[in-house]
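Peer 1: The structure that follows is given in the form of structure tokens.
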Amino acid sequence: MRRIVATTVLATAFAVTAMAGDFRPATPEESAEVLAEVELSPAELGSLRCHFTQTRRTALLEEALVTRGVLTIDAPKTLVWEVTEPYSSRSVVALDSDKRMKAMGRKNDFDRKLFISSDTYRIEITPLKRDLKQLFAGICAWIDKATGDVRKVVLTEASGDTTTIEFHGITKQKKLTE
């Protein structure tokens, strides 16, 4: 019986480690370097277009809500979030004046932790201020090390509901320096 329990515990630990993607915590030096690279201002971003799949899981519904669409960023001016399935909608955000975008850029409002695997960075962002904690518990982003592209973002709300956004078919054009 002890062997069965020990084997089960070891198998579970192995499975959890495998699912974690072998991420290790970054050193302070690695964190500073990587976070400086990925925290570009809209003016530095350039333009980007990609497809997304958004999966919303909420305690109110048994099944997840899945939408698909296209994200277009024409930095530094606009971000366009266009849902194409299962319905159509379009939202435009002015990057240079949107209060939400400016709030997300305030570094002292968030704790950031970086984890590294062989091909991916995972950044965990946790709000530090009470008003932000009332909105969400955290944001986790997976970034491709080779390209710097954000591949997946998981937003966990204070209620425990989650929104997972996966990006694919990313094309970008760097901002031309003048």
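As shown in the structure tokens, the chain order sets the letters A, B, ...; within each chain, residues go from 1, and ligands are also counted from 1 in the order they appear.
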What's the 9 Å shell around stretch 25-29 of chain A, counting only C-alpha atoms, without same-chain residues fewer than 5 positions away, as a list of chain:residue names?
Peer 2: A:Val34, A:Lys113, A:Leu114, A:Phe115, A:Ile116
Peer 1: Excluding A:Arg56 and residues on its chain fewer than 3 positions from it, collect all residues at most 8 Å away from it, counting only C-alpha atoms, and give them as a ChimeraX atom specification.
Peer 2: /A:64-66,161-164
Peer 1: Please return as a PyMOL selection string: the residues of stretch 26-174 of chain A that backbone DSSP assigns to strand (DSSP E).
Peer 2: chain A and resi 47-57+65-74+78-85+89-94+110-116+120-127+136-144+150-157+162-173
Peer 1: From the set A:Glu30, A:Leu95, A:His51, A:Val38, which residue has the shortest atom-to-atom contact distance to A:Ala141, counting only C-alpha atoms?
Peer 2: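 Selected residue with least distance to A:Ala141: A:Val38.
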Peer 1: Of the candidates A:Lys145, A:Arg112, A:Arg68, A:Lys129, which one gets nearest to A:Arg90 if we count only C-alpha atoms?
Peer 2: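 Looking at the shortest contact to A:Arg90, the residue is A:Arg68.
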Peer 1: Write down as a PyMOL selection string the residues of stretch 10-175 of chain A whose backbone DSSP state falls under alpha helix (DSSP H).
Peer 2: chain A and resi 10-19+28-38+42-45+99-104+130-133
Peer 1: Determine the nearest neighbour of A:Gln134 from the options A:Cys50, A:Ile165, A:Ala32, A:Ala158, counting only C-alpha atoms.
Peer 2: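 Distance minimum relative to A:Gln134 lands on A:Ala158.
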Peer 1: Restricting the calculation to only C-alpha atoms: of A:Asp111, A:Thr53, A:Thr58, A:Thr126, which residue gets closest to A:Val83?
Peer 2: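 The closest residue to A:Val83 is A:Thr53.
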Peer 1: Atom CA of A:Thr120 and atom CA of A:Ala36 are how many Å apart?
Peer 2: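 Atom-to-atom, atom CA of A:Thr120 and atom CA of A:Ala36 are spaced 16.1 Å apart.
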Peer 1: Using only C-alpha atoms, can you tell me which of A:Ser117, A:Thr55, A:Ser31, A:Thr78 comes closest to A:Val154?
Peer 2: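 For A:Val154, the nearest of the given residues is A:Thr55.
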